[in-house]
Amino acid sequence: MNILVCAAAAAVLVCVSCGSRSGKNSTVRADDSTSVAAAPDTIAPLIPGEVRLKNDAEAFGKEIPLKGDTVKLDEIFQVGVSTMILKDSLMLVCCRDQRPFRLYSLPELELKGVYGMLGRGPGELISPEIWPFQAPGYLALATDEFRDNKSVYKIRNDGTQELLRLRMPLKYMEGFDYTRGFAAKDDDHIVFTHRSSLYYYDGSDTTAVPDSTVRKLADLRLGKYSAGSTMNIGSLGVNFQYERAVWAYKYAKRVMFCDFDGNVRAVDFRSSEDGEAEGVGMDSNITHYWKLYAGDRYVWLLYSGRTPMDVVAEQEKDIYYIYVEQFDWNGNPVRRYRLDNWGFISVDEDSGTLYFLSNVSEYPFFKYTLLQ
C-alpha cells in the first residue's frame with residue numbers, strides 16, 4: 001500500500017469532531033505522596049549509552065489509573081492530530097477548522113479567541129502544526145505539515161501571527177519530511193529534526209555563513225532503516241533550560257534523549273528479538289509513543305501499545321484508554337499513568353494538572369489531577 005495513503009488512513013482515525021462519547025466526572029485514584037512539581041532548577045549531566053528495560057513495571061513501578069473530570073464547555077470544533085501548547089496561563093490548541101488556532105485562558109479554559117486561516121495565501125496554512133516557542137510575549141511557532149517550511153510564523157499571546165526571522169539554510173526547510181519537528185527558544189535558537197537527524201540552529205551571529213549556523217546533535221534512525229523511513233517517525237521535545245532534547249518513536253518502544261553537546265542516551269523497552277514491519281501498512285503496526293508534551297521539569301509521553309485497528313475495535317465497544325509515561329530530562333522513568341480517554345495532552349506542572357483534549361467525547365476537554 002502506498003505509504004502516504006496509509007498515513008492518511010491512520011490520520012482519519014483521529015481527525016473527527018468531538019461528539020460520540022459522553023464525559024463522566026469522577027475522582028482520581030492515586031496513593032503516592034511525591035510532588036509532581038518537585039525538581040531542581042539544574043540537572044545532572046546526561047550519561048551516554050543505551051538502557052534496556054524489560055517491562056513497564058520494572059521501569060515505572062505500579063501503574064497509576066486516573067479518571068478525568070469533564071470540562072463542560074459549549075465547544076464545537078474538529079480535533080485533528082492536534083498539539084496543545086501551555087504557556088503564560090494560556091493554552092493554544094491547533095485544530096482542523098477553517099480558523100485553526102483556538103486560544104484559552106487557564107485554569108478555567110475560557111475561550112479568548114479563534115485565529116489563523118486555512119488556505120494558500122500570505123499568512124495562511126494548508127495543514128497547520130504548532131510548536132513550542134519560549135520568547136516572552138509569544139506562544140508558539142506555526143508551520144505547514146504538507147509543504148515546504150520556507151515561511152515559519154510566530155503566534156503572539158494575543159493570537160496574532162508574524163514571520164519568524166530565520167537564516168537557516170533552505171536545505172533544512174524544503175520538502176516533505178516524516179520526521180519533522182521544531183522547538184525554539186527565540187528567533188535565533190531552534191532545535192529541529194530533518195531527515196531523521198536532530199539539529200541545533202544558532203543564528204545569533206548575523207555575520208556567520210548560513211551553513212555554519214546548524215550543527216547535528218543526533219542520528220534518529222531506528223536500526224537498519226534509512227533516513228527517509230517511516231519507521232523513524234516520532235515526536236520531538238526540547239528543554240532549553242536543561243539543554244536537553246528527546247525523540248519518542250511511534251513504531252518502537254524506544255525513547256532517545258540527547259544534550260546540546262551531542263551526547264545520546266537511549267531507553268529501549270524492546271527485546272533483541274523484537275522487529276518492526278515496514279511496508280505492510282502503518283495501520284497494522286503497533287503505535288507506541290503517540291505524542292509527547294515537553295514540560296519544564298519532565299517529559300510526558302502518550303503511549304498506546306496497540307495498533308490503530310485495535311484502538312478502533314475497542315472504542316466500538318466503548319473502551320477508551322491511553323497511557324502517560326513520565327520521564328525526567330535525563331531519560332529516567334518516573335511514573336506511568338493510565339487515563340480513561342483518547343486524545344492529546346498538555347501539562348501544567350506547577351498545579352499538577354494534566355489537560356486532555358479528547359477526540360472521542362461529547363465534550364473535548366478534560367482535566368486530570370496528577371500526583372501531589
# chains A, B, ... in the order shown; residues from 1 in each chain; ligands from 1
call {"tool": "residues_around", "arguments": {"residues": "stretch 112-127 of chain A", "least_positions_apart": "2", "cutoff": "9 Å", "atoms": "only C-alpha atoms", "output": "list of chain:residue names"}}
result
A:Arg96, A:Asp97, A:Gln98, A:Arg99, A:Pro100, A:Phe101, A:Arg102, A:Leu103, A:Tyr104, A:Ser105, A:Leu109, A:Glu110, A:Glu129, A:Ala142, A:Thr143, A:Asp144, A:Glu145, A:Phe146, A:Arg147, A:Ser151, A:Tyr153, A:Asp158, A:Gly159, A:Thr160, A:Gln161, A:Glu162, A:Leu163
call {"tool": "residues_around", "arguments": {"residues": "A:Arg244", "least_positions_apart": "5", "cutoff": "7 Å", "atoms": "only C-alpha atoms", "output": "mmCIF file with C-alpha atoms, in the first residue's frame"}}
result
data_model
loop_
_atom_site.group_PDB
_atom_site.id
_atom_site.type_symbol
_atom_site.label_atom_id
_atom_site.label_comp_id
_atom_site.auth_asym_id
_atom_site.auth_seq_id
_atom_site.Cartn_x
_atom_site.Cartn_y
_atom_site.Cartn_z
ATOM 1 C CA VAL A 238 13.083 20.172 23.935
ATOM 2 C CA ASN A 239 14.062 21.804 27.223
ATOM 3 C CA CYS A 258 20.422 13.934 23.981
ATOM 4 C CA ASP A 259 22.091 17.086 25.256
ATOM 5 C CA PHE A 260 23.205 20.063 23.195
ATOM 6 C CA TRP A 329 15.085 15.063 31.197
#
call {"tool": "select_by_dssp", "arguments": {"residues": "stretch 91-330 of chain A", "states": "alpha helix (DSSP H)", "output": "ChimeraX atom specification"}}
result
/A:308-316
call {"tool": "residues_around", "arguments": {"residues": "A:Lys150", "least_positions_apart": "5", "cutoff": "8 Å", "atoms": "only C-alpha atoms", "output": "PyMOL selection string"}}
result
chain A and resi 170+173-174
call {"tool": "write_last_selection", "arguments": {"atoms": "C-alpha atoms", "output": "CSV table (one decimal), in the first residue's frame"}}
result
chain,number,residue,atom,x,y,z
A,170,LEU,CA,16.9,26.3,2.9
A,173,MET,CA,13.3,23.6,5.4
A,174,GLU,CA,12.4,22.2,1.9
call {"tool": "residues_around", "arguments": {"residues": "A:Lys253", "least_positions_apart": "5", "cutoff": "9 Å", "atoms": "only C-alpha atoms", "output": "PyMOL selection string"}}
result
chain A and resi 248+267-270+287-289+303+305
call {"tool": "closest_atom_pairs", "arguments": {"of": "stretch 59-173 of chain A", "to": "stretch 360-371 of chain A", "cutoff": "8 Å", "atoms": "only C-alpha atoms", "output": "tab-separated table"}}
result
residue	atom	partner	partner_atom	distance
A:Leu66	CA	A:Tyr368	CA	7.0
A:Lys67	CA	A:Tyr368	CA	6.8
A:Gly68	CA	A:Tyr368	CA	4.9
A:Asp69	CA	A:Lys367	CA	5.2
A:Thr70	CA	A:Phe366	CA	4.6
A:Val71	CA	A:Phe366	CA	5.4
A:Lys72	CA	A:Tyr363	CA	6.2
A:Leu73	CA	A:Tyr363	CA	6.8
A:Asp74	CA	A:Tyr363	CA	7.8
A:Glu75	CA	A:Tyr363	CA	7.3
call {"tool": "write_last_selection", "arguments": {"atoms": "N, CA and C atoms", "output": "PDB file, in the first residue's frame"}}
result
ATOM      1  N   LEU A  66      -6.028   6.934  36.436  1.00  0.00           N
ATOM      2  CA  LEU A  66      -6.654   8.227  36.701  1.00  0.00           C
ATOM      3  C   LEU A  66      -7.949   8.340  35.906  1.00  0.00           C
ATOM      4  N   LYS A  67      -8.916   9.009  36.497  1.00  0.00           N
ATOM      5  CA  LYS A  67     -10.169   9.307  35.800  1.00  0.00           C
ATOM      6  C   LYS A  67     -10.306  10.813  35.654  1.00  0.00           C
ATOM      7  N   GLY A  68     -10.738  11.241  34.473  1.00  0.00           N
ATOM      8  CA  GLY A  68     -10.768  12.659  34.160  1.00  0.00           C
ATOM      9  C   GLY A  68     -12.044  13.344  34.586  1.00  0.00           C
ATOM     10  N   ASP A  69     -11.930  14.629  34.863  1.00  0.00           N
ATOM     11  CA  ASP A  69     -13.081  15.489  35.132  1.00  0.00           C
ATOM     12  C   ASP A  69     -13.436  16.239  33.854  1.00  0.00           C
ATOM     13  N   THR A  70     -14.668  16.113  33.413  1.00  0.00           N
ATOM     14  CA  THR A  70     -15.123  16.764  32.200  1.00  0.00           C
ATOM     15  C   THR A  70     -15.223  18.266  32.402  1.00  0.00           C
ATOM     16  N   VAL A  71     -14.694  19.009  31.441  1.00  0.00           N
ATOM     17  CA  VAL A  71     -14.883  20.462  31.422  1.00  0.00           C
ATOM     18  C   VAL A  71     -16.024  20.737  30.441  1.00  0.00           C
ATOM     19  N   LYS A  72     -17.189  21.107  30.970  1.00  0.00           N
ATOM     20  CA  LYS A  72     -18.393  21.206  30.146  1.00  0.00           C
ATOM     21  C   LYS A  72     -18.485  22.585  29.491  1.00  0.00           C
ATOM     22  N   LEU A  73     -17.777  22.707  28.372  1.00  0.00           N
ATOM     23  CA  LEU A  73     -17.815  23.918  27.570  1.00  0.00           C
ATOM     24  C   LEU A  73     -18.646  23.664  26.320  1.00  0.00           C
ATOM     25  N   ASP A  74     -19.325  24.691  25.866  1.00  0.00           N
ATOM     26  CA  ASP A  74     -20.127  24.581  24.649  1.00  0.00           C
ATOM     27  C   ASP A  74     -19.211  24.810  23.454  1.00  0.00           C
ATOM     28  N   GLU A  75     -18.422  23.791  23.131  1.00  0.00           N
ATOM     29  CA  GLU A  75     -17.402  23.899  22.090  1.00  0.00           C
ATOM     30  C   GLU A  75     -17.691  22.907  20.968  1.00  0.00           C
TER      31      GLU A  75
END
call {"tool": "atom_distance", "arguments": {"atom1": "atom CA of A:Val246", "atom2": "atom CA of A:Val312"}}
result
28.7 Å
call {"tool": "select_by_dssp", "arguments": {"residues": "stretch 191-342 of chain A", "states": "strand (DSSP E or B)", "output": "PyMOL selection string"}}
result
chain A and resi 191-194+197-202+214-219+234-239+244-249+254-259+264-268+287-294+298-306+322-328+333-339
call {"tool": "closest_residue", "arguments": {"among": "A:Gly295, A:Gly137, A:Gly80, A:Pro128", "to": "A:Val347", "atoms": "only C-alpha atoms"}}
result
A:Gly295
call {"tool": "residues_around", "arguments": {"residues": "A:Arg306", "least_positions_apart": "6", "cutoff": "12 Å", "atoms": "only C-alpha atoms", "output": "PyMOL selection string"}}
result
chain A and resi 250-253+282-290+312-314+321-323
call {"tool": "closest_residue", "arguments": {"among": "A:Val79, A:Ala184, A:Val209, A:Ile190", "to": "A:Trp342", "atoms": "only C-alpha atoms"}}
result
A:Val79
call {"tool": "atom_distance", "arguments": {"atom1": "atom CA of A:Lys62", "atom2": "atom CA of A:Arg335"}}
result
8.1 Å
call {"tool": "atom_distance", "arguments": {"atom1": "atom CA of A:Val51", "atom2": "atom CA of A:Gly228"}}
result
25.6 Å
call {"tool": "closest_residue", "arguments": {"among": "A:Thr230, A:Tyr199, A:Thr206, A:Pro136", "to": "A:Asp186", "atoms": "only C-alpha atoms"}}
result
A:Pro136
call {"tool": "closest_residue", "arguments": {"among": "A:Pro169, A:Lys291, A:Val255, A:Leu86", "to": "A:Leu354", "atoms": "only C-alpha atoms"}}
result
A:Leu86
call {"tool": "closest_residue", "arguments": {"among": "A:Asn341, A:Ser226, A:Asn157, A:Thr193", "to": "A:Leu357", "atoms": "only C-alpha atoms"}}
result
A:Asn341
call {"tool": "decode", "arguments": {"residues": "stretch 205-337 of chain A", "atoms": "C-alpha atoms", "output": "short mmCIF file (atom, residue, chain, number, x, y, z; two decimals), in the first residue's frame"}}
result
data_model
loop_
_atom_site.label_atom_id
_atom_site.label_comp_id
_atom_site.auth_asym_id
_atom_site.auth_seq_id
_atom_site.Cartn_x
_atom_site.Cartn_y
_atom_site.Cartn_z
CA ASP A 205 25.88 35.71 14.87
CA THR A 206 24.46 37.58 11.89
CA THR A 207 27.89 37.67 10.20
CA ALA A 208 28.23 33.86 10.20
CA VAL A 209 27.93 31.86 6.99
CA PRO A 210 24.43 30.29 6.98
CA ASP A 211 25.79 26.73 6.70
CA SER A 212 27.73 27.27 9.93
CA THR A 213 24.57 28.14 11.88
CA VAL A 214 23.41 24.48 12.02
CA ARG A 215 25.10 21.58 13.78
CA LYS A 216 23.95 17.98 14.14
CA LEU A 217 23.14 16.67 17.62
CA ALA A 218 21.98 13.09 16.99
CA ASP A 219 21.04 10.46 14.42
CA LEU A 220 17.45 9.33 14.94
CA ARG A 221 17.45 6.40 12.52
CA LEU A 222 15.96 3.27 14.02
CA GLY A 223 18.24 0.29 13.42
CA LYS A 224 18.65 -0.61 9.76
CA TYR A 225 16.14 1.89 8.41
CA SER A 226 17.15 4.73 6.09
CA ALA A 227 16.82 8.42 6.85
CA GLY A 228 13.56 8.61 4.90
CA SER A 229 11.90 5.61 6.53
CA THR A 230 8.50 5.88 8.16
CA MET A 231 9.87 3.71 10.96
CA ASN A 232 11.78 6.74 12.25
CA ILE A 233 8.58 8.74 12.83
CA GLY A 234 8.26 10.15 16.31
CA SER A 235 7.70 13.22 18.46
CA LEU A 236 10.21 15.89 19.48
CA GLY A 237 10.50 17.58 22.86
CA VAL A 238 13.08 20.17 23.93
CA ASN A 239 14.06 21.80 27.22
CA PHE A 240 16.31 24.81 26.59
CA GLN A 241 16.98 25.41 30.30
CA TYR A 242 18.39 21.89 30.73
CA GLU A 243 19.78 21.81 27.16
CA ARG A 244 18.05 18.51 26.50
CA ALA A 245 16.08 17.08 23.60
CA VAL A 246 14.02 13.90 23.37
CA TRP A 247 12.67 11.83 20.48
CA ALA A 248 9.93 9.29 21.21
CA TYR A 249 9.40 6.70 18.46
CA LYS A 250 5.93 6.00 17.18
CA TYR A 251 6.63 2.47 15.91
CA ALA A 252 9.09 1.25 18.56
CA LYS A 253 9.03 1.38 22.34
CA ARG A 254 12.19 3.44 22.42
CA VAL A 255 12.95 6.96 23.66
CA MET A 256 16.15 8.82 22.77
CA PHE A 257 17.50 11.69 24.89
CA CYS A 258 20.42 13.93 23.98
CA ASP A 259 22.09 17.09 25.26
CA PHE A 260 23.21 20.06 23.20
CA ASP A 261 26.76 18.70 23.13
CA GLY A 262 25.56 15.65 21.19
CA ASN A 263 25.69 13.07 23.99
CA VAL A 264 22.93 10.49 23.42
CA ARG A 265 21.11 8.19 25.85
CA ALA A 266 18.54 5.71 24.54
CA VAL A 267 15.91 4.00 26.70
CA ASP A 268 14.70 0.85 24.94
CA PHE A 269 11.93 -1.46 26.12
CA ARG A 270 12.31 -3.91 23.23
CA SER A 271 13.95 -7.29 23.43
CA SER A 272 16.67 -8.10 20.91
CA GLU A 273 14.16 -10.32 19.07
CA ASP A 274 11.57 -7.59 18.51
CA GLY A 275 11.18 -6.29 14.99
CA GLU A 276 9.09 -3.84 13.03
CA ALA A 277 7.01 -4.49 9.94
CA GLU A 278 7.59 -1.69 7.46
CA GLY A 279 5.63 -1.75 4.23
CA VAL A 280 2.60 -3.71 5.47
CA GLY A 281 0.51 -0.60 6.07
CA MET A 282 1.25 1.56 9.06
CA ASP A 283 -2.23 0.91 10.49
CA SER A 284 -1.09 -2.71 11.00
CA ASN A 285 1.89 -1.67 13.14
CA ILE A 286 1.67 -1.12 16.87
CA THR A 287 1.56 2.55 17.76
CA HIS A 288 3.89 3.02 20.71
CA TYR A 289 4.53 6.70 21.52
CA TRP A 290 1.55 8.58 20.12
CA LYS A 291 2.59 12.13 21.07
CA LEU A 292 4.56 13.88 23.81
CA TYR A 293 4.39 17.06 25.87
CA ALA A 294 7.65 18.71 26.87
CA GLY A 295 7.35 20.21 30.34
CA ASP A 296 9.77 22.46 32.20
CA ARG A 297 10.61 19.68 34.67
CA TYR A 298 9.59 16.45 32.95
CA VAL A 299 8.68 14.98 29.60
CA TRP A 300 5.22 13.41 29.33
CA LEU A 301 4.79 10.68 26.70
CA LEU A 302 1.45 9.46 25.40
CA TYR A 303 1.68 5.71 24.88
CA SER A 304 -0.79 3.45 23.07
CA GLY A 305 0.75 -0.03 22.78
CA ARG A 306 -1.89 -1.19 20.26
CA THR A 307 -2.46 -0.95 16.54
CA PRO A 308 -4.91 1.69 15.25
CA MET A 309 -7.23 -1.16 14.29
CA ASP A 310 -7.14 -2.46 17.87
CA VAL A 311 -7.97 1.01 19.21
CA VAL A 312 -10.94 1.38 16.87
CA ALA A 313 -12.23 -2.11 17.79
CA GLU A 314 -12.04 -1.26 21.50
CA GLN A 315 -13.74 2.10 21.02
CA GLU A 316 -16.59 0.42 19.18
CA LYS A 317 -17.12 -1.45 22.47
CA ASP A 318 -16.99 1.85 24.42
CA ILE A 319 -13.49 1.08 25.78
CA TYR A 320 -11.24 4.13 25.95
CA TYR A 321 -7.79 4.43 27.49
CA ILE A 322 -4.26 5.65 26.85
CA TYR A 323 -1.12 5.74 28.97
CA VAL A 324 1.06 8.66 30.01
CA GLU A 325 4.68 7.86 30.82
CA GLN A 326 6.61 10.44 32.81
CA PHE A 327 10.40 10.74 32.40
CA ASP A 328 12.90 13.23 33.72
CA TRP A 329 15.09 15.06 31.20
CA ASN A 330 17.98 12.64 31.68
CA GLY A 331 15.89 9.70 30.49
CA ASN A 332 14.95 8.25 33.87
CA PRO A 333 11.42 6.77 34.11
CA VAL A 334 9.33 8.35 36.89
CA ARG A 335 5.69 7.21 36.71
CA ARG A 336 3.17 5.59 34.40
CA TYR A 337 -0.49 6.67 34.39
#
